[in-house]
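Trainee: Provided herewith: input.txt, compact mmCIF, C-alpha atoms and all ligand atoms.
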```
# COMPACT_ATOMS: atom_id res chain seq x y z
CA MET W 1 21.99 2.94 18.91
CA LYS W 2 19.53 0.22 19.82
CA THR W 3 16.14 0.91 18.26
CA ASN W 4 13.23 -0.01 20.57
CA TYR W 5 10.43 -1.82 18.80
CA TRP W 6 6.82 -1.91 19.96
CA SER W 7 3.96 -3.66 18.20
CA VAL W 8 0.76 -1.92 19.29
CA ASP W 9 -2.91 -2.57 18.80
CA LYS W 10 -4.90 0.20 17.08
CA ASN W 11 -7.19 -0.08 20.06
CA VAL W 12 -5.00 2.23 22.12
CA ASP W 13 -7.19 1.96 25.20
CA LYS W 14 -5.96 -1.60 25.77
CA GLU W 15 -3.67 -1.62 28.78
CA GLU W 16 -0.67 -3.05 26.91
CA SER W 17 -0.90 -0.58 24.02
CA TYR W 18 -1.26 2.26 26.46
CA SER W 19 1.95 1.44 28.28
CA GLN W 20 3.89 0.92 25.02
CA ILE W 21 2.68 4.27 23.72
CA GLN W 22 3.69 5.85 27.01
CA GLN W 23 7.24 4.56 26.54
CA ALA W 24 7.37 6.09 23.07
CA ALA W 25 5.98 9.40 24.37
CA ASP W 26 8.57 9.39 27.17
CA LEU W 27 11.36 9.12 24.60
CA LEU W 28 9.88 12.09 22.71
CA ARG W 29 9.88 14.10 25.93
CA LYS W 30 13.58 13.24 26.31
CA ASN W 31 14.16 14.73 22.83
CA GLU W 32 14.75 11.35 21.21
CA VAL W 33 13.10 10.53 17.85
CA VAL W 34 10.51 7.79 17.37
CA ALA W 35 8.67 6.50 14.28
CA PHE W 36 4.91 5.89 14.51
CA PRO W 37 2.00 5.19 12.15
CA THR W 38 -0.34 7.89 10.90
CA GLU W 39 -3.24 7.44 8.47
CA THR W 40 -1.01 8.59 5.56
CA VAL W 41 2.50 7.12 6.04
CA TYR W 42 4.78 6.38 9.02
CA GLY W 43 6.16 9.58 10.56
CA LEU W 44 9.47 10.15 12.34
CA GLY W 45 8.45 12.24 15.34
CA GLY W 46 10.47 14.62 17.48
CA ASN W 47 9.82 17.49 19.92
CA ALA W 48 9.07 20.43 17.60
CA LYS W 49 10.25 22.94 20.21
CA GLU W 50 13.77 21.55 20.61
CA ASP W 51 16.64 21.98 18.19
CA SER W 52 18.39 18.89 19.58
CA ALA W 53 15.42 16.65 18.72
CA ILE W 54 14.91 18.21 15.30
CA SER W 55 18.54 17.83 14.31
CA LYS W 56 18.23 14.10 15.08
CA ILE W 57 15.34 13.87 12.57
CA PHE W 58 17.32 15.63 9.84
CA ALA W 59 20.39 13.48 10.53
CA ALA W 60 18.53 10.14 10.57
CA LYS W 61 16.74 10.93 7.30
CA GLY W 62 19.66 12.66 5.59
CA ARG W 63 17.13 15.42 4.86
CA PRO W 64 18.27 18.77 3.38
CA SER W 65 18.06 21.45 6.10
CA ASP W 66 16.04 23.85 3.91
CA ASN W 67 13.05 21.46 3.82
CA PRO W 68 10.72 22.36 6.74
CA LEU W 69 8.88 19.71 8.78
CA ILE W 70 5.14 19.38 9.30
CA ILE W 71 4.08 19.86 12.93
CA HIS W 72 1.53 17.38 14.27
CA ILE W 73 -0.98 18.18 17.01
CA ALA W 74 -3.62 16.09 18.78
CA LYS W 75 -6.01 18.86 19.90
CA ARG W 76 -7.30 22.03 18.24
CA GLU W 77 -6.22 24.04 21.35
CA GLN W 78 -2.56 23.25 20.65
CA LEU W 79 -2.77 25.40 17.49
CA ASP W 80 -3.13 28.73 19.29
CA GLU W 81 0.25 28.40 20.97
CA LEU W 82 1.94 27.91 17.57
CA VAL W 83 0.35 30.39 15.12
CA GLU W 84 -0.21 34.16 14.89
CA LYS W 85 -3.74 33.95 13.50
CA VAL W 86 -6.23 31.47 12.08
CA PRO W 87 -7.80 32.70 8.81
CA ALA W 88 -11.54 31.96 8.31
CA THR W 89 -10.82 29.59 5.39
CA ALA W 90 -8.40 27.60 7.54
CA GLU W 91 -11.07 27.34 10.22
CA LYS W 92 -13.50 25.87 7.67
CA LEU W 93 -10.93 23.41 6.36
CA MET W 94 -10.02 22.23 9.87
CA ASP W 95 -13.70 21.71 10.70
CA ALA W 96 -14.14 19.64 7.55
CA PHE W 97 -10.91 17.63 7.37
CA TRP W 98 -9.20 17.44 10.79
CA PRO W 99 -8.21 15.00 12.02
CA GLY W 100 -7.10 13.96 8.54
CA PRO W 101 -4.52 14.16 5.73
CA LEU W 102 -4.55 17.96 5.34
CA THR W 103 -1.60 20.19 6.29
CA ILE W 104 -2.35 23.90 6.56
CA ILE W 105 0.32 26.60 6.30
CA PHE W 106 -0.05 29.35 8.97
CA GLU W 107 1.94 32.43 9.95
CA LYS W 108 3.94 31.12 12.87
CA LYS W 109 4.30 32.66 16.33
CA ASN W 110 7.95 33.51 16.84
CA GLY W 111 10.05 31.89 19.53
CA VAL W 112 7.89 28.80 20.15
CA LEU W 113 9.05 26.21 17.62
CA SER W 114 12.58 25.17 16.79
CA GLU W 115 13.87 27.30 13.90
CA LEU W 116 15.37 24.12 12.44
CA ALA W 117 11.90 22.55 12.23
CA THR W 118 10.51 25.44 10.17
CA ALA W 119 13.77 25.89 8.20
CA GLY W 120 13.81 29.51 9.34
CA LEU W 121 10.57 30.39 7.48
CA SER W 122 7.98 32.81 8.90
CA THR W 123 5.30 30.17 8.28
CA VAL W 124 4.62 26.70 9.64
CA GLY W 125 2.72 23.69 8.26
CA ILE W 126 0.44 21.99 10.81
CA ARG W 127 -1.86 18.98 10.75
CA MET W 128 -3.84 16.71 13.06
CA PRO W 129 -3.40 13.08 11.98
CA ASN W 130 -6.39 10.73 11.94
CA HIS W 131 -4.81 7.68 13.56
CA PRO W 132 -5.46 6.56 17.14
CA VAL W 133 -1.80 5.62 17.75
CA ALA W 134 -0.42 8.91 16.42
CA LEU W 135 -2.98 10.96 18.36
CA GLN W 136 -2.30 9.07 21.58
CA ILE W 137 1.49 9.45 21.27
CA ILE W 138 1.19 13.19 20.63
CA GLU W 139 -1.28 13.65 23.45
CA GLN W 140 0.80 11.72 25.97
CA SER W 141 3.93 13.68 25.02
CA SER W 142 2.05 16.98 25.61
CA LEU W 143 4.15 18.47 22.81
CA PRO W 144 3.76 19.62 19.24
CA ILE W 145 5.51 16.84 17.30
CA ALA W 146 7.45 17.48 14.09
CA ALA W 147 7.09 14.40 11.91
CA PRO W 148 8.29 14.00 8.33
CA SER W 149 7.94 10.60 6.69
CA ALA W 150 10.11 7.98 8.44
CA ASN W 151 12.29 7.06 5.45
CA ARG W 152 15.79 7.99 4.27
CA SER W 153 15.41 11.11 2.11
CA GLY W 154 14.84 10.21 -1.55
CA LYS W 155 13.34 6.77 -0.82
CA PRO W 156 9.62 5.97 -1.06
CA SER W 157 7.76 6.87 2.15
CA PRO W 158 7.07 4.00 4.58
CA THR W 159 3.58 2.53 4.75
CA LYS W 160 4.61 -0.42 6.96
CA ALA W 161 6.88 -0.58 10.02
CA ILE W 162 9.23 -2.91 8.12
CA HIS W 163 9.93 -0.09 5.63
CA VAL W 164 11.00 2.13 8.53
CA LYS W 165 13.24 -0.64 9.84
CA GLU W 166 14.85 -1.09 6.40
CA ASP W 167 15.78 2.59 6.28
CA LEU W 168 16.32 3.74 9.88
CA ASP W 169 17.11 0.78 12.17
CA THR W 170 19.89 1.75 14.66
CA TYR W 171 19.54 5.44 13.66
CA ILE W 172 16.46 6.21 15.79
CA ALA W 173 15.32 5.53 19.36
CA GLY W 174 12.16 3.60 18.53
CA ILE W 175 9.59 2.27 16.07
CA VAL W 176 5.93 1.89 17.01
CA ASP W 177 4.42 -0.73 14.69
CA GLY W 178 0.68 -0.17 14.28
CA GLY W 179 0.25 -2.14 11.05
CA SER W 180 -0.16 -0.76 7.52
CA THR W 181 -1.15 2.87 7.13
CA GLY W 182 -4.40 3.58 5.28
CA VAL W 183 -4.26 6.42 2.75
CA GLY W 184 -0.76 5.55 1.57
CA VAL W 185 0.25 8.97 0.20
CA GLU W 186 1.19 11.97 2.33
CA SER W 187 -1.09 14.81 3.40
CA THR W 188 -2.24 17.53 1.03
CA VAL W 189 -0.40 20.79 1.84
CA VAL W 190 -2.45 23.98 1.41
CA ASP W 191 -1.65 27.64 1.86
CA CYS W 192 -4.56 29.75 3.17
CA THR W 193 -2.55 32.85 4.01
CA ASP W 194 -3.87 34.45 0.74
CA GLU W 195 -7.54 34.96 -0.09
CA LYS W 196 -7.72 31.84 -2.31
CA VAL W 197 -6.61 28.47 -1.01
CA MET W 198 -3.66 27.04 -2.96
CA ILE W 199 -2.50 23.42 -3.07
CA LEU W 200 1.29 23.28 -2.65
CA ARG W 201 1.43 19.48 -2.58
CA PRO W 202 -1.40 17.12 -3.67
CA GLY W 203 -2.18 14.37 -1.17
CA GLY W 204 -4.83 12.45 0.73
CA ILE W 205 -7.48 15.21 0.61
CA THR W 206 -8.40 15.89 -3.01
CA LYS W 207 -8.86 19.23 -4.78
CA GLU W 208 -12.52 18.27 -5.30
CA GLN W 209 -12.99 17.72 -1.54
CA LEU W 210 -11.36 21.09 -0.72
CA GLU W 211 -13.51 22.90 -3.30
CA SER W 212 -16.68 21.46 -1.79
CA VAL W 213 -15.81 23.41 1.38
CA VAL W 214 -14.11 26.65 0.27
CA GLY W 215 -14.99 27.10 -3.42
CA GLU W 216 -12.36 27.43 -6.13
CA VAL W 217 -8.90 26.19 -5.13
CA LYS W 218 -5.68 27.08 -6.96
CA VAL W 219 -2.80 24.69 -7.56
CA ASP W 220 0.85 25.79 -7.38
CA GLN W 221 1.92 26.01 -11.04
CA ALA W 222 5.26 24.46 -10.16
CA LEU W 223 3.46 21.11 -9.76
CA THR W 224 2.98 20.86 -13.52
CA ASP W 225 5.80 23.11 -14.77
CA THR W 226 9.23 21.90 -13.63
CA GLU W 227 10.82 25.23 -14.69
CA ILE W 228 8.99 27.12 -11.91
CA LYS W 229 10.26 27.23 -8.31
CA PRO W 230 7.76 25.46 -5.99
CA LYS W 231 6.24 27.40 -3.08
CA SER W 232 6.78 24.37 -0.86
CA PRO W 233 10.56 23.95 -0.43
CA GLY W 234 10.37 20.14 -0.30
CA MET W 235 8.72 19.83 -3.70
CA LYS W 236 11.93 20.62 -5.57
CA TYR W 237 13.65 17.42 -4.44
CA THR W 238 13.62 14.05 -6.19
CA HIS W 239 11.69 11.58 -4.12
CA TYR W 240 10.28 8.10 -3.94
CA ALA W 241 12.80 6.63 -6.38
CA PRO W 242 13.39 2.87 -6.58
CA ASN W 243 17.02 1.83 -7.25
CA ALA W 244 16.35 0.88 -10.90
CA PRO W 245 15.25 3.60 -13.33
CA LEU W 246 11.47 3.88 -13.69
CA PHE W 247 9.86 4.92 -16.99
CA LEU W 248 6.16 5.76 -17.13
CA VAL W 249 4.48 4.70 -20.36
CA ASP W 250 1.76 6.87 -21.89
CA GLY W 251 0.34 4.08 -24.05
CA SER W 252 -1.37 0.68 -24.18
CA LYS W 253 -0.36 -2.48 -22.32
CA GLU W 254 0.65 -3.96 -25.69
CA LYS W 255 3.11 -1.06 -26.06
CA ILE W 256 4.49 -1.76 -22.57
CA GLN W 257 4.90 -5.47 -23.41
CA LEU W 258 6.92 -4.50 -26.53
CA LEU W 259 9.21 -2.33 -24.39
CA ILE W 260 9.64 -5.27 -21.98
CA GLU W 261 10.65 -7.59 -24.85
CA GLU W 262 13.23 -5.07 -26.12
CA GLU W 263 14.86 -4.85 -22.69
CA LYS W 264 14.80 -8.63 -22.19
CA GLN W 265 16.67 -9.01 -25.46
CA LYS W 266 19.39 -6.78 -24.04
CA GLY W 267 19.65 -9.26 -21.17
CA HIS W 268 18.00 -6.94 -18.63
CA ARG W 269 15.74 -7.98 -15.75
CA VAL W 270 12.52 -6.04 -16.24
CA GLY W 271 9.90 -4.94 -13.68
CA VAL W 272 6.37 -3.66 -14.35
CA LEU W 273 4.19 -1.50 -12.13
CA THR W 274 0.56 -2.18 -13.00
CA THR W 275 -2.78 -2.86 -11.31
CA LYS W 276 -4.81 -5.99 -10.52
CA GLU W 277 -6.82 -5.62 -13.76
CA ASN W 278 -3.72 -5.94 -15.99
CA LYS W 279 -1.34 -8.07 -13.92
CA ALA W 280 -1.89 -11.36 -15.81
CA PHE W 281 -1.26 -9.68 -19.19
CA TYR W 282 2.45 -8.96 -18.72
CA ARG W 283 5.37 -11.34 -19.23
CA ALA W 284 8.22 -9.72 -17.29
CA ASP W 285 10.66 -10.75 -14.53
CA PHE W 286 8.64 -9.05 -11.79
CA VAL W 287 5.13 -7.65 -12.04
CA TYR W 288 3.69 -5.63 -9.14
CA ALA W 289 -0.06 -5.06 -9.05
CA CYS W 290 -0.67 -1.85 -7.20
CA GLY W 291 -4.33 -1.76 -6.18
CA LYS W 292 -7.22 -1.56 -8.64
CA ARG W 293 -7.27 1.01 -11.43
CA LEU W 294 -11.03 1.39 -10.97
CA ASP W 295 -10.48 2.61 -7.39
CA LEU W 296 -7.50 4.97 -7.28
CA SER W 297 -7.51 5.07 -3.48
CA THR W 298 -6.33 1.43 -3.53
CA VAL W 299 -3.50 2.43 -5.90
CA ALA W 300 -2.46 5.20 -3.48
CA ALA W 301 -2.54 2.78 -0.55
CA GLU W 302 -0.12 0.31 -2.20
CA LEU W 303 2.04 2.68 -4.25
CA TYR W 304 5.06 3.02 -1.94
CA ASP W 305 5.13 -0.66 -1.01
CA GLY W 306 5.12 -1.33 -4.75
CA LEU W 307 7.97 1.07 -5.50
CA ARG W 308 10.02 -0.42 -2.65
CA SER W 309 9.36 -4.01 -3.76
CA PHE W 310 11.38 -3.52 -6.97
CA ASP W 311 14.49 -2.96 -4.84
CA HIS W 312 14.16 -6.53 -3.52
CA GLN W 313 13.90 -8.03 -7.01
CA GLN W 314 17.17 -6.77 -8.51
CA VAL W 315 15.47 -5.50 -11.67
CA ASP W 316 17.50 -3.32 -14.07
CA ILE W 317 14.61 -1.27 -15.40
CA ILE W 318 10.94 -0.68 -14.50
CA PHE W 319 8.02 0.30 -16.74
CA GLY W 320 4.95 1.81 -15.11
CA GLU W 321 1.40 2.49 -16.22
CA MET W 322 -0.01 6.00 -15.84
CA PHE W 323 -3.21 7.07 -14.04
CA PRO W 324 -5.91 9.72 -14.47
CA THR W 325 -5.29 12.82 -12.35
CA GLU W 326 -8.77 13.10 -10.88
CA GLY W 327 -9.31 12.74 -7.13
CA VAL W 328 -6.41 11.07 -5.34
CA GLY W 329 -5.00 10.30 -8.82
CA GLN W 330 -3.44 13.77 -8.71
CA ALA W 331 -1.29 12.76 -5.73
CA VAL W 332 -0.52 9.33 -7.22
CA MET W 333 0.72 10.84 -10.51
CA ASN W 334 2.67 13.55 -8.66
CA ARG W 335 4.60 10.87 -6.70
CA LEU W 336 5.02 8.61 -9.74
CA MET W 337 6.41 11.44 -11.89
CA LYS W 338 8.97 12.19 -9.16
CA ALA W 339 9.83 8.51 -8.77
CA ALA W 340 10.39 8.40 -12.54
CA SER W 341 12.39 11.66 -12.59
CA HIS W 342 9.70 12.80 -15.08
CA GLN W 343 10.75 10.20 -17.69
CA VAL W 344 7.65 9.44 -19.78
CA ILE W 345 7.65 7.27 -22.92
CA LYS W 346 4.92 8.43 -25.33
P1 LIG Z 1 7.27 15.48 4.40
O1 LIG Z 1 7.17 15.75 5.83
O2 LIG Z 1 8.54 14.83 3.97
O3 LIG Z 1 6.06 14.76 3.90
O4 LIG Z 1 7.29 16.90 3.66
C1 LIG Z 1 6.62 18.02 4.16
C2 LIG Z 1 6.26 18.95 3.01
O5 LIG Z 1 5.62 20.11 3.56
C3 LIG Z 1 7.48 19.42 2.25
O6 LIG Z 1 7.19 19.49 0.88
C4 LIG Z 1 7.71 20.80 2.85
O7 LIG Z 1 8.41 21.65 2.00
C5 LIG Z 1 6.28 21.27 3.10
N1 LIG Z 1 6.23 22.34 4.10
C6 LIG Z 1 6.44 22.25 5.43
N2 LIG Z 1 6.37 23.45 6.02
C7 LIG Z 1 6.09 24.35 5.03
C8 LIG Z 1 5.91 25.77 4.98
N3 LIG Z 1 5.98 26.53 6.08
N4 LIG Z 1 5.65 26.34 3.78
C9 LIG Z 1 5.56 25.58 2.65
N5 LIG Z 1 5.75 24.24 2.64
C10 LIG Z 1 6.00 23.63 3.80
MG MG Z 2 8.72 12.58 2.99
```
Show this structure as structure tokens.
Mentor:
Amino acid sequence: MKTNYWSVDKNVDKEESYSQIQQAADLLRKNEVVAFPTETVYGLGGNAKEDSAISKIFAAKGRPSDNPLIIHIAKREQLDELVEKVPATAEKLMDAFWPGPLTIIFEKKNGVLSELATAGLSTVGIRMPNHPVALQIIEQSSLPIAAPSANRSGKPSPTKAIHVKEDLDTYIAGIVDGGSTGVGVESTVVDCTDEKVMILRPGGITKEQLESVVGEVKVDQALTDTEIKPKSPGMKYTHYAPNAPLFLVDGSKEKIQLLIEEEKQKGHRVGVLTTKENKAFYRADFVYACGKRLDLSTVAAELYDGLRSFDHQQVDIIFGEMFPTEGVGQAVMNRLMKAASHQVIK
């Protein structure tokens, strides 16, 4: 299929942007699937009420059918059509963090959403993205829009339209290019159906931010113990992996340089994932500086572009630095550990 491509200005009120966004929204209303920017990563949107649209999302991504999709809305009023009830804690979290990178799990109203979108669960994950293009597309479609990340399953999520093109060109009806996304990692997924809020997936809203609004927050144990079954079905899958094996190194940059030398002697092309502070230190075939260690939000913003860049450099092996797990560092380390299939060199 021919993939339509629109480059839009973030200023969606401009006449040209408005008409491009309308074309994308029209395709969504025709149950086609379209990629668009959000503040976290690019999403692949489809009509959340229609099986035919949702099956196109799963097919284009090659996504396992037991992994439910997050439903995106543009207005608080859209929520009431989709969920049975809104717990008081959820209300507080929405007031504090919507629009924004927070997905809340609700008990779903039966018979409204496609069963494929929710993977047959009795619950549904919903968020309101904080990006003018995403909000405008959803609003003009007048639909709840299911939108997982717009990448082939298993690959790093797209933070630029070119990443979407690399993975999904000719598989989807359109790509709306609105420039680089901001946060760079996906939304935080929380369950508020119990008394205490529980993080099922770390993301753009940190545990510390959640706790400032609702008090103590639990974290699904499966996030740190790989023997336990995660409460969020998607968390059991390997994700974000570059083509070459990635090893995280729990040690100094001198230690990493020694590992690089060993691999070079074997005739391997070696990549390093580091930050701006340490970039000049390493002698390797390809060194990617992913943001600044002193500001982990910059690391999050560039992480997926970094992981993808190794695929263009034909490296045989990648060594990566590790990060503290405070703030957005929790999401960064969660994604890195998955990208590395939990291989850590001590
Ligand atoms: P993605 O859209 O690829 O960023 O992934 C969405 C994440 O949200 C996956 O980990 C899903 O398993 C999770 N998710 C979506 N709906 C639910 C739900 N009803 N209960 C628990 N996790 C969910
Ligand atoms: Mg994804």
Trainee: W:Tyr171, W:Phe58, W:Phe310, W:Phe323: which is nearest ligand MG 2 (chain Z), counting all atoms listed in the file?
Mentor: W:Phe58
Trainee: Could you tell me how far atom C3 of ligand LIG 1 (chain Z) lies from CA of Glu39 in chain W, in Å and to one decimal?
Mentor: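 If I compute the distance from atom C3 of ligand LIG 1 (chain Z) to CA of Glu39 in chain W, I get 17.2 Å.
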Trainee: Between W:Gln257, W:Ser157, W:Ser252, W:Thr181, which is the closest to ligand MG 2 (chain Z) once you count all atoms listed in the file?
Mentor: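 Looking only at the distances to ligand MG 2 (chain Z), the closest residue turns out to be W:Ser157.
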Trainee: Quick one: residues within 12 Å of Lys255 in chain W, all atoms listed in the file counted, chain neighbours fewer than 3 positions away excluded, as a PDB file with C-alpha atoms, in the frame of the given file?
Mentor:
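selection_15.pdb, written as the output of this step:
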```pdb
ATOM      1  CA  LEU W 248       6.160   5.760 -17.130  1.00  0.00           C
ATOM      2  CA  VAL W 249       4.480   4.700 -20.360  1.00  0.00           C
ATOM      3  CA  ASP W 250       1.760   6.870 -21.890  1.00  0.00           C
ATOM      4  CA  GLY W 251       0.340   4.080 -24.050  1.00  0.00           C
ATOM      5  CA  SER W 252      -1.370   0.680 -24.180  1.00  0.00           C
ATOM      6  CA  LEU W 258       6.920  -4.500 -26.530  1.00  0.00           C
ATOM      7  CA  LEU W 259       9.210  -2.330 -24.390  1.00  0.00           C
ATOM      8  CA  ILE W 260       9.640  -5.270 -21.980  1.00  0.00           C
ATOM      9  CA  GLU W 261      10.650  -7.590 -24.850  1.00  0.00           C
ATOM     10  CA  GLU W 262      13.230  -5.070 -26.120  1.00  0.00           C
ATOM     11  CA  PHE W 281      -1.260  -9.680 -19.190  1.00  0.00           C
ATOM     12  CA  TYR W 282       2.450  -8.960 -18.720  1.00  0.00           C
ATOM     13  CA  PHE W 319       8.020   0.300 -16.740  1.00  0.00           C
ATOM     14  CA  GLY W 320       4.950   1.810 -15.110  1.00  0.00           C
ATOM     15  CA  GLU W 321       1.400   2.490 -16.220  1.00  0.00           C
ATOM     16  CA  ILE W 345       7.650   7.270 -22.920  1.00  0.00           C
ATOM     17  CA  LYS W 346       4.920   8.430 -25.330  1.00  0.00           C
TER      18      LYS W 346
END
```
Trainee: Collect all residues with atoms no farther than 8 Å from ligand LIG 1 (chain Z), counting all atoms listed in the file, and output them as a list in words.
Mentor: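 Sorted by chain and then by number, the residues are Gly43, Asn67, Pro68, Leu69, Ile70, Thr103, Ile105, Phe106, Thr118, Leu121, Ser122, Thr123, Val124, Gly125, Ile126, Ala147, Pro148, Ser149, Glu186, Ser187, Val189, Asp191, Leu200, Arg201, Lys231, Ser232, Pro233, Gly234 and Met235 of chain W.
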Trainee: Need the shell around Ser142 in chain W: protein/DNA/RNA residues with any atom at most 10 Å away, counting all atoms listed in the file. Skip same-chain ones fewer than 2 positions apart. Format as a PyMOL selection string?
Mentor: chain W and resi 25+28-29+47+73-74+78+136-140+144-145
Trainee: Using the atoms already present, construct N, CA, C and O atoms for range 154-170 of chain W and hand them back as a short mmCIF file (atom, residue, chain, number, x, y, z; two decimals), in the frame of the given file.
Mentor:
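Heads up, here's the output in out.cif:
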```
data_model
loop_
_atom_site.label_atom_id
_atom_site.label_comp_id
_atom_site.auth_asym_id
_atom_site.auth_seq_id
_atom_site.Cartn_x
_atom_site.Cartn_y
_atom_site.Cartn_z
N GLY W 154 14.70 10.71 -0.18
CA GLY W 154 14.84 10.21 -1.55
C GLY W 154 14.16 8.89 -1.77
O GLY W 154 13.78 8.56 -2.88
N LYS W 155 13.98 8.09 -0.71
CA LYS W 155 13.34 6.77 -0.82
C LYS W 155 11.81 6.92 -0.76
O LYS W 155 11.31 7.92 -0.23
N PRO W 156 11.08 5.91 -1.23
CA PRO W 156 9.62 5.97 -1.06
C PRO W 156 9.24 6.03 0.42
O PRO W 156 9.92 5.42 1.25
N SER W 157 8.19 6.75 0.75
CA SER W 157 7.76 6.87 2.15
C SER W 157 7.30 5.51 2.68
O SER W 157 6.84 4.67 1.92
N PRO W 158 7.43 5.30 4.00
CA PRO W 158 7.07 4.00 4.58
C PRO W 158 5.58 3.88 4.87
O PRO W 158 4.99 4.74 5.51
N THR W 159 4.98 2.80 4.42
CA THR W 159 3.58 2.53 4.75
C THR W 159 3.44 1.32 5.67
O THR W 159 2.33 0.96 6.06
N LYS W 160 4.58 0.68 6.00
CA LYS W 160 4.61 -0.42 6.96
C LYS W 160 5.82 -0.21 7.86
O LYS W 160 6.84 0.36 7.41
N ALA W 161 5.77 -0.75 9.09
CA ALA W 161 6.88 -0.58 10.02
C ALA W 161 8.17 -1.20 9.47
O ALA W 161 9.27 -0.69 9.71
N ILE W 162 8.04 -2.26 8.68
CA ILE W 162 9.23 -2.91 8.12
C ILE W 162 10.00 -1.97 7.19
O ILE W 162 11.23 -2.01 7.11
N HIS W 163 9.26 -1.09 6.49
CA HIS W 163 9.93 -0.09 5.63
C HIS W 163 10.78 0.86 6.48
O HIS W 163 11.87 1.25 6.07
N VAL W 164 10.25 1.24 7.64
CA VAL W 164 11.00 2.13 8.53
C VAL W 164 12.28 1.42 9.00
O VAL W 164 13.36 2.00 9.01
N LYS W 165 12.10 0.14 9.35
CA LYS W 165 13.24 -0.64 9.84
C LYS W 165 14.32 -0.73 8.76
O LYS W 165 15.51 -0.55 9.04
N GLU W 166 13.90 -1.00 7.52
CA GLU W 166 14.85 -1.09 6.40
C GLU W 166 15.72 0.16 6.31
O GLU W 166 16.91 0.08 6.08
N ASP W 167 15.08 1.32 6.50
CA ASP W 167 15.78 2.59 6.28
C ASP W 167 16.48 3.12 7.54
O ASP W 167 17.55 3.73 7.43
N LEU W 168 15.88 2.94 8.72
CA LEU W 168 16.32 3.74 9.88
C LEU W 168 16.74 2.92 11.11
O LEU W 168 17.06 3.52 12.15
N ASP W 169 16.73 1.59 11.01
CA ASP W 169 17.11 0.78 12.17
C ASP W 169 18.50 1.19 12.64
O ASP W 169 19.38 1.42 11.82
N THR W 170 18.67 1.32 13.95
CA THR W 170 19.89 1.75 14.66
C THR W 170 20.15 3.27 14.56
O THR W 170 21.05 3.79 15.21
#
```
